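**Student:** Got a structure for you, query-v7.tsv, holding TSV, C-alpha atoms.
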chain	number	residue	atom	x	y	z
P	15	MET	CA	89.90	-35.44	21.76
P	16	ASN	CA	87.91	-35.95	24.97
P	17	SER	CA	88.55	-34.11	28.23
P	18	ALA	CA	90.24	-37.09	29.91
P	19	THR	CA	92.79	-37.38	27.12
P	20	ALA	CA	93.41	-33.64	27.18
P	21	ARG	CA	94.05	-33.76	30.94
P	22	ALA	CA	96.43	-36.70	30.48
P	23	ILE	CA	98.39	-34.84	27.80
P	24	LYS	CA	98.51	-31.73	29.96
P	25	THR	CA	99.82	-33.77	32.87
P	26	THR	CA	102.51	-35.48	30.77
P	27	SER	CA	103.64	-32.12	29.39
P	28	LYS	CA	104.91	-31.22	32.84
P	29	LYS	CA	107.10	-34.31	32.94
P	30	PRO	CA	110.36	-34.94	31.06
P	31	LYS	CA	110.08	-35.79	27.40
P	32	LEU	CA	108.58	-39.17	26.62
P	33	LEU	CA	111.77	-40.84	25.39
P	34	THR	CA	113.63	-39.50	28.42
P	35	GLN	CA	111.01	-41.14	30.63
P	36	VAL	CA	111.48	-44.39	28.71
P	37	ARG	CA	115.24	-44.33	29.27
P	38	GLU	CA	114.84	-43.57	32.97
P	39	ALA	CA	112.27	-46.36	33.39
P	40	MET	CA	114.60	-48.86	31.70
P	41	ARG	CA	117.64	-47.83	33.70
P	42	THR	CA	115.81	-48.15	37.03
P	43	ARG	CA	114.92	-51.72	35.97
P	44	HIS	CA	118.52	-52.47	34.91
P	45	TYR	CA	117.85	-53.14	31.23
P	46	SER	CA	120.97	-53.32	29.08
P	47	LYS	CA	122.11	-50.26	27.13
P	48	ARG	CA	121.61	-52.04	23.83
P	49	THR	CA	118.01	-52.95	24.75
P	50	GLU	CA	117.40	-49.35	25.78
P	51	GLN	CA	118.57	-48.07	22.41
P	52	THR	CA	116.44	-50.63	20.57
P	53	TYR	CA	113.25	-49.88	22.53
P	54	VAL	CA	113.68	-46.13	22.09
P	55	GLN	CA	114.11	-46.64	18.34
P	56	TRP	CA	110.89	-48.68	18.06
P	57	ILE	CA	108.89	-46.22	20.14
P	58	ARG	CA	110.10	-43.37	17.95
P	59	ARG	CA	109.11	-45.30	14.80
P	60	PHE	CA	105.69	-45.99	16.30
P	61	ILE	CA	105.13	-42.27	16.95
P	62	PHE	CA	106.26	-41.23	13.46
P	63	PHE	CA	104.14	-43.95	11.85
P	64	HIS	CA	101.06	-42.31	13.38
P	65	LYS	CA	102.03	-38.79	12.25
P	66	LYS	CA	103.70	-37.80	15.53
P	67	ARG	CA	100.66	-38.43	17.67
P	68	HIS	CA	101.43	-38.80	21.37
P	69	PRO	CA	101.09	-42.41	22.60
P	70	VAL	CA	98.70	-41.19	25.32
P	71	GLU	CA	96.19	-40.49	22.54
P	72	MET	CA	96.61	-43.96	21.08
P	73	GLY	CA	96.00	-47.50	22.24
P	74	GLU	CA	95.49	-51.08	21.13
P	75	GLY	CA	94.15	-50.18	17.69
P	76	GLU	CA	97.15	-48.06	16.75
P	77	VAL	CA	99.57	-50.69	18.06
P	78	ASN	CA	97.73	-53.29	15.94
P	79	GLN	CA	98.07	-51.10	12.84
P	80	PHE	CA	101.79	-50.55	13.41
P	81	LEU	CA	102.59	-54.22	13.97
P	82	THR	CA	100.52	-55.24	10.95
P	83	HIS	CA	102.33	-52.64	8.84
P	84	LEU	CA	105.67	-54.12	9.88
P	85	ALA	CA	104.61	-57.60	8.80
P	86	VAL	CA	102.70	-56.72	5.60
P	87	LYS	CA	104.47	-53.66	4.16
P	88	GLU	CA	107.98	-53.87	5.58
P	89	ARG	CA	108.02	-57.67	5.72
P	90	VAL	CA	110.11	-57.83	8.87
P	91	SER	CA	110.99	-61.13	10.52
P	92	ALA	CA	108.94	-62.57	13.37
P	93	SER	CA	111.66	-61.75	15.90
P	94	THR	CA	111.81	-58.13	14.72
P	95	GLN	CA	108.03	-57.71	14.99
P	96	ASN	CA	108.09	-59.29	18.46
P	97	GLN	CA	110.86	-56.88	19.47
P	98	ALA	CA	108.70	-53.91	18.44
P	99	LEU	CA	105.77	-55.34	20.40
P	100	CYS	CA	107.91	-55.71	23.53
P	101	ALA	CA	109.02	-52.08	23.25
P	102	LEU	CA	105.43	-50.85	23.02
P	103	LEU	CA	104.26	-53.11	25.85
P	104	PHE	CA	107.01	-51.62	28.02
P	105	LEU	CA	106.02	-48.08	27.02
P	106	TYR	CA	102.37	-48.46	27.94
P	107	ARG	CA	102.95	-50.49	31.09
P	108	TYR	CA	105.80	-48.65	32.79
P	109	VAL	CA	105.82	-45.15	31.27
P	110	ILE	CA	102.23	-44.31	30.35
P	111	ASP	CA	100.95	-46.54	33.21
P	112	ARG	CA	98.16	-47.98	31.07
P	113	PRO	CA	98.91	-51.59	30.14
P	114	LEU	CA	97.70	-52.63	26.72
P	115	GLY	CA	94.74	-54.97	26.47
P	116	GLU	CA	93.76	-57.34	23.68
P	117	LEU	CA	95.38	-56.26	20.42
P	118	GLY	CA	92.94	-58.07	18.17
P	119	ASP	CA	93.87	-59.84	14.97
P	120	VAL	CA	97.43	-58.72	14.41
P	121	VAL	CA	99.00	-60.00	11.21
P	122	ARG	CA	102.06	-61.76	12.57
P	123	ALA	CA	105.24	-62.18	10.63
P	124	ARG	CA	105.86	-65.82	9.83
P	125	ARG	CA	108.77	-67.49	11.55
P	126	PRO	CA	110.42	-69.67	8.89
P	127	LYS	CA	112.08	-72.92	9.80
P	128	ARG	CA	115.73	-72.80	8.90
P	129	LEU	CA	118.48	-75.30	9.38
P	130	PRO	CA	121.43	-73.87	11.34
P	131	VAL	CA	124.59	-73.14	9.40
P	132	VAL	CA	127.46	-75.03	10.98
P	133	LEU	CA	130.99	-74.49	9.69
P	134	THR	CA	133.33	-77.43	9.41
P	135	ARG	CA	136.65	-77.39	11.25
P	136	GLU	CA	138.44	-76.63	7.99
P	137	GLU	CA	136.14	-73.68	7.30
P	138	VAL	CA	136.62	-72.30	10.83
P	139	ARG	CA	140.38	-72.68	10.48
P	140	ALA	CA	140.36	-70.90	7.11
P	141	LEU	CA	138.25	-68.08	8.55
P	142	LEU	CA	140.55	-67.55	11.53
P	143	ASN	CA	143.66	-67.72	9.38
P	144	ASN	CA	142.39	-64.76	7.34
P	145	LEU	CA	142.21	-62.60	10.44
P	146	LYS	CA	145.20	-60.88	11.99
P	147	GLY	CA	146.21	-59.20	15.20
P	148	GLU	CA	143.60	-58.11	17.70
P	149	GLN	CA	140.65	-59.09	15.48
P	150	ARG	CA	141.94	-62.65	15.24
P	151	LEU	CA	142.37	-62.88	19.02
P	152	ILE	CA	138.80	-61.63	19.55
P	153	ALA	CA	137.44	-64.15	17.03
P	154	VAL	CA	139.36	-67.03	18.62
P	155	LEU	CA	138.10	-66.04	22.08
P	156	MET	CA	134.51	-65.86	20.89
P	157	TYR	CA	134.82	-69.24	19.15
P	158	GLY	CA	136.58	-70.92	22.07
P	159	THR	CA	134.65	-69.42	24.99
P	160	GLY	CA	131.15	-68.90	23.58
P	161	MET	CA	131.19	-65.21	24.51
P	162	ARG	CA	129.03	-62.79	22.57
P	163	LEU	CA	130.69	-59.92	20.73
P	164	MET	CA	129.87	-57.21	23.28
P	165	GLU	CA	130.79	-59.51	26.17
P	166	CYS	CA	134.21	-59.96	24.62
P	167	LEU	CA	134.71	-56.26	23.86
P	168	ARG	CA	133.72	-55.27	27.42
P	169	LEU	CA	136.05	-57.81	29.02
P	170	ARG	CA	138.21	-56.28	31.77
P	171	VAL	CA	141.66	-57.39	32.86
P	172	LYS	CA	140.52	-58.41	36.35
P	173	ASP	CA	138.07	-60.94	34.90
P	174	ILE	CA	140.77	-62.96	33.12
P	175	ASP	CA	142.24	-65.74	35.25
P	176	PHE	CA	145.14	-67.50	33.51
P	177	GLY	CA	145.90	-69.56	36.61
P	178	SER	CA	142.47	-71.22	36.69
P	179	GLY	CA	141.94	-71.03	32.94
P	180	VAL	CA	138.62	-69.18	33.21
P	181	ILE	CA	137.03	-65.89	32.18
P	182	ILE	CA	134.30	-64.23	34.22
P	183	VAL	CA	131.67	-62.68	31.97
P	184	ARG	CA	130.12	-59.73	33.80
P	185	GLN	CA	126.59	-58.48	33.15
P	186	GLY	CA	125.90	-60.89	30.32
P	187	LYS	CA	122.50	-61.53	28.81
P	188	GLY	CA	119.83	-61.02	31.46
P	189	ASP	CA	122.34	-58.97	33.52
P	190	LYS	CA	123.84	-62.24	34.82
P	191	ASP	CA	127.47	-63.14	35.51
P	192	ARG	CA	128.91	-66.48	34.48
P	193	TYR	CA	132.16	-68.40	34.13
P	194	THR	CA	133.51	-69.64	30.83
P	195	MET	CA	136.69	-71.49	29.92
P	196	LEU	CA	139.81	-69.74	28.65
P	197	PRO	CA	141.28	-71.81	25.77
P	198	ALA	CA	144.85	-72.88	26.53
P	199	ARG	CA	145.98	-72.23	22.95
P	200	VAL	CA	145.42	-68.46	23.33
P	201	TYR	CA	147.38	-68.08	26.58
P	202	ALA	CA	150.59	-66.90	24.94
P	203	SER	CA	149.01	-64.56	22.36
P	204	PHE	CA	146.55	-63.16	24.91
P	205	GLN	CA	149.31	-62.44	27.45
P	206	ARG	CA	151.39	-60.69	24.78
P	207	HIS	CA	148.35	-58.63	23.83
P	208	LEU	CA	147.74	-57.62	27.46
P	209	SER	CA	151.40	-56.65	27.83
P	210	ARG	CA	151.03	-54.23	24.91
P	211	VAL	CA	147.80	-52.85	26.35
P	212	LYS	CA	149.50	-52.34	29.72
P	213	GLU	CA	152.26	-50.31	28.06
P	214	ILE	CA	149.64	-48.12	26.37
P	215	HIS	CA	147.86	-47.70	29.69
P	216	ALA	CA	151.11	-46.63	31.39
P	217	ARG	CA	151.72	-44.00	28.68
P	218	ASP	CA	148.15	-42.74	29.05
P	219	LEU	CA	148.57	-42.37	32.80
P	220	ALA	CA	151.78	-40.43	32.32
P	221	ALA	CA	149.93	-38.09	29.96
P	222	GLY	CA	147.07	-37.59	32.43
P	223	TYR	CA	144.65	-40.04	30.81
P	224	GLY	CA	144.09	-43.77	31.21
P	225	ARG	CA	140.84	-43.75	33.19
P	226	VAL	CA	137.97	-46.09	32.42
P	227	GLU	CA	134.26	-46.12	33.17
P	228	LEU	CA	133.38	-48.12	36.30
P	229	PRO	CA	130.07	-49.95	36.80
P	230	TYR	CA	127.36	-48.52	39.02
P	231	SER	CA	128.69	-45.97	41.55
P	232	LEU	CA	132.13	-47.48	42.17
P	233	ASN	CA	133.76	-44.38	40.70
P	234	ARG	CA	132.41	-42.31	43.60
P	235	LYS	CA	133.33	-44.91	46.21
P	236	TYR	CA	136.85	-45.62	44.92
P	237	ARG	CA	138.12	-42.43	43.36
P	238	ASN	CA	141.35	-43.86	41.91
P	239	ALA	CA	140.08	-47.28	40.89
P	240	SER	CA	139.30	-46.13	37.35
P	241	ALA	CA	143.04	-45.72	36.73
P	242	ASP	CA	143.98	-49.15	38.09
P	243	TRP	CA	145.28	-51.68	35.59
P	244	ILE	CA	142.88	-54.43	36.67
P	245	TRP	CA	139.83	-52.35	35.72
P	246	GLN	CA	141.02	-51.56	32.19
P	247	TYR	CA	139.39	-53.08	29.13
P	248	ALA	CA	141.31	-55.95	27.54
P	249	PHE	CA	140.53	-54.50	24.09
P	250	PRO	CA	140.66	-50.69	24.41
P	251	GLN	CA	140.23	-48.44	21.44
P	252	GLN	CA	142.96	-46.21	20.06
P	253	ARG	CA	141.05	-42.94	20.29
P	254	ARG	CA	140.60	-41.10	23.58
P	255	TRP	CA	137.31	-39.93	25.06
P	256	VAL	CA	136.38	-37.27	27.59
P	257	ASP	CA	133.71	-37.36	30.29
P	258	PRO	CA	131.12	-34.73	29.20
P	259	LYS	CA	129.56	-34.44	32.65
P	260	THR	CA	132.67	-33.00	34.32
P	261	GLY	CA	134.31	-31.55	31.22
P	262	ASP	CA	137.60	-32.82	32.63
P	263	GLN	CA	140.01	-33.22	29.74
P	264	GLY	CA	142.15	-35.55	31.79
P	265	ARG	CA	139.45	-38.11	32.58
P	266	ILE	CA	139.60	-40.26	29.50
P	267	ILE	CA	137.12	-43.06	28.98
P	268	LEU	CA	138.68	-46.07	27.25
P	269	THR	CA	135.88	-47.73	25.33
P	270	ASN	CA	135.96	-50.59	22.87
P	271	ARG	CA	137.50	-50.21	19.44
P	272	LEU	CA	134.86	-52.18	17.57
P	273	CYS	CA	131.94	-50.27	19.12
P	274	ARG	CA	130.50	-47.59	16.86
P	275	ARG	CA	130.48	-45.06	19.67
P	276	PRO	CA	130.58	-44.95	23.48
P	277	SER	CA	127.39	-45.27	25.50
P	278	ARG	CA	125.08	-42.26	25.23
P	279	GLY	CA	125.38	-39.92	28.20
P	280	GLN	CA	128.58	-41.50	29.49
P	281	CYS	CA	131.31	-40.23	27.22
P	282	ALA	CA	131.79	-37.97	24.24
P	283	ARG	CA	134.48	-37.67	21.62
P	284	ARG	CA	137.27	-35.35	22.52
P	285	GLY	CA	137.05	-32.06	20.68
Can the structure in the file be given as structure tokens, please?
**Tutor:**
Amino acid sequence: MNSATARAIKTTSKKPKLLTQVREAMRTRHYSKRTEQTYVQWIRRFIFFHKKRHPVEMGEGEVNQFLTHLAVKERVSASTQNQALCALLFLYRYVIDRPLGELGDVVRARRPKRLPVVLTREEVRALLNNLKGEQRLIAVLMYGTGMRLMECLRLRVKDIDFGSGVIIVRQGKGDKDRYTMLPARVYASFQRHLSRVKEIHARDLAAGYGRVELPYSLNRKYRNASADWIWQYAFPQQRRWVDPKTGDQGRIILTNRLCRRPSRGQCARRG
């Protein structure tokens, strides 16, 4: 190890941990939470692949070896290999502040040509008929509106407009908002569902719960907005969650039932 590398490692040791720096860099650039989790996972795999060497000590050669290993040994798809490359490019450009140069002859995963699988109307109808309750409503909304799964699960009451027949998708792919149509055939079932959710929300408020995470810093600006009905999720989960930052047992975060867990650093399961 030369003196320059040693000085760089000594300097980085005074900073927060590497993965913490990655998360902070991504949040300041408004990357999505799912992208943040994915990039952190790839950077961790890159470090462990090279026997826990710090990325400051490594460069284009080690990145080449890792990407080639993914294609040759693990036989990942082209999109997966490209995802790993994007994570490492971000790491070296915005965290280590040393953009990668030419990577050389990287063995790239082949992108096969596949015909898209398109279900017939009968197959779609059979699929939807085998779903029940909330899951069926979510599937019908996704099929009829074109929303992605997480866009549907994060849908808030205020973004549903039955009068105009539209749904506003907030912070979609690329952190962009957009309008999409609300299928007329789900009006009745969707309104019944929201009526049940509103009753649950009223009971939660009476018990001292019923608060939801607000985007950006709105929670500080409007202290009681998190308890308002319009800000609630259209598909809340059954379990309750507590804000770990304040430790307030009454500030429950209603997250989405189909999510594996709430966002890291924002809510924790009630003990």
**Student:** For each of P:Val200, P:Val226, P:Met72, P:Cys166, take the minimum atom-to-atom distance to Gln185 in chain P, counting all atoms listed in the file, then give the residue where this is smallest.
**Tutor:**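 Comparing P:Val200, P:Val226, P:Met72, P:Cys166 against Gln185 in chain P, the winner is P:Cys166.
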**Student:** Measuring between all atoms listed in the file, which one of P:Leu105, P:Leu142, P:Ala85, P:Leu99 shows the shortest distance to Pro69 in chain P?
**Tutor:**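 Comparing P:Leu105, P:Leu142, P:Ala85, P:Leu99 against Pro69 in chain P, the winner is P:Leu105.
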**Student:** Tell me, counting only C-alpha atoms, for each residue of range 164-260 of chain P within 9 Å of range 37-56 of chain P, which pair of atoms is nearest and how far apart they are in Å to one decimal, in rows ordered by chain and increasing number, as a Markdown table.
**Tutor:**
| residue | atom | partner | partner_atom | distance |
| --- | --- | --- | --- | --- |
| P:Gln185 | CA | P:Ser46 | CA | 8.6 |
| P:Lys187 | CA | P:Ser46 | CA | 8.4 |
| P:Gly188 | CA | P:Tyr45 | CA | 8.1 |
| P:Asp189 | CA | P:Ser46 | CA | 7.3 |
**Student:** For Ala98 in chain P, work out the shell of residues within 12 Å, counting all atoms listed in the file and skipping chain neighbours fewer than 5 positions away, then give it as a list in words.
**Tutor:** Thr49, Thr52, Tyr53, Val54, Gln55, Trp56, Ile57, Arg58, Arg59, Phe60, Val77, Asn78, Phe80, Leu81, Thr82, His83, Leu84, Ala85, Val90, Ser91, Ala92, Ser93, Leu103, Phe104, Leu105, Arg122 and Ala123 of chain P
**Student:** Print the selection's residues with C-alpha atoms to a file, as a JSON list (two decimals), in the coordinates of the input.
**Tutor:**
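Okay, this is what ended up in selection.json:
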[["chain", "number", "residue", "atom", "x", "y", "z"],
["P", 49, "THR", "CA", 118.01, -52.95, 24.75],
["P", 52, "THR", "CA", 116.44, -50.63, 20.57],
["P", 53, "TYR", "CA", 113.25, -49.88, 22.53],
["P", 54, "VAL", "CA", 113.68, -46.13, 22.09],
["P", 55, "GLN", "CA", 114.11, -46.64, 18.34],
["P", 56, "TRP", "CA", 110.89, -48.68, 18.06],
["P", 57, "ILE", "CA", 108.89, -46.22, 20.14],
["P", 58, "ARG", "CA", 110.10, -43.37, 17.95],
["P", 59, "ARG", "CA", 109.11, -45.30, 14.80],
["P", 60, "PHE", "CA", 105.69, -45.99, 16.30],
["P", 77, "VAL", "CA", 99.57, -50.69, 18.06],
["P", 78, "ASN", "CA", 97.73, -53.29, 15.94],
["P", 80, "PHE", "CA", 101.79, -50.55, 13.41],
["P", 81, "LEU", "CA", 102.59, -54.22, 13.97],
["P", 82, "THR", "CA", 100.52, -55.24, 10.95],
["P", 83, "HIS", "CA", 102.33, -52.64, 8.84],
["P", 84, "LEU", "CA", 105.67, -54.12, 9.88],
["P", 85, "ALA", "CA", 104.61, -57.60, 8.80],
["P", 90, "VAL", "CA", 110.11, -57.83, 8.87],
["P", 91, "SER", "CA", 110.99, -61.13, 10.52],
["P", 92, "ALA", "CA", 108.94, -62.57, 13.37],
["P", 93, "SER", "CA", 111.66, -61.75, 15.90],
["P", 103, "LEU", "CA", 104.26, -53.11, 25.85],
["P", 104, "PHE", "CA", 107.01, -51.62, 28.02],
["P", 105, "LEU", "CA", 106.02, -48.08, 27.02],
["P", 122, "ARG", "CA", 102.06, -61.76, 12.57],
["P", 123, "ALA", "CA", 105.24, -62.18, 10.63]]
**Student:** What is the distance between CA of Met156 in chain P and CA of Cys100 in chain P, in Å to one decimal?
**Tutor:**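 Atom-to-atom, CA of Met156 in chain P to CA of Cys100 in chain P, that is 28.6 Å.
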**Student:** Listed atoms of range 146-158 of chain P, axis-aligned box, 6 Å per side: centre and edge lengths to one decimal in Å, as AutoDock Vina command-line options?
**Tutor:**
--center_x 140.4 --center_y -64.5 --center_z 17.0 --size_x 23.7 --size_y 24.8 --size_z 22.1
**Student:** What is the distance, in Å and to one decimal place, between CA of Leu145 in chain P and CA of Trp245 in chain P?
**Tutor:**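 CA of Trp245 in chain P lies 27.4 Å from CA of Leu145 in chain P.
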**Student:** Kindly indicate which residue among P:Arg170, P:Arg162, P:Lys31, P:His215 lies nearest to Tyr247 in chain P, using only C-alpha atoms for the distances.
**Tutor:**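 Looking only at the distances to Tyr247 in chain P, the closest residue turns out to be P:Arg170.
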**Student:** Distance CA of Trp243 in chain P-CA of Gln205 in chain P, one decimal place?
**Tutor:** 14.1 Å
**Student:** Please identify all polymer residues within 10 Å of Val183 in chain P, counting all atoms listed in the file, omitting same-chain residues fewer than 3 positions from it, and present them as an NGL selection string.
**Tutor:** :P and (161-162 or 165-166 or 168-170 or 173-174 or 180 or 186-187 or 190-194)
**Student:** Report as a list in words all protein, DNA and RNA residues lying within 8 Å of Val211 in chain P, evaluated on all atoms listed in the file, omitting residues in the same chain fewer than 4 positions from it.
**Tutor:**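 In the requested form, the answer reads His207, His215, Ala248, Phe249 and Pro250 of chain P.
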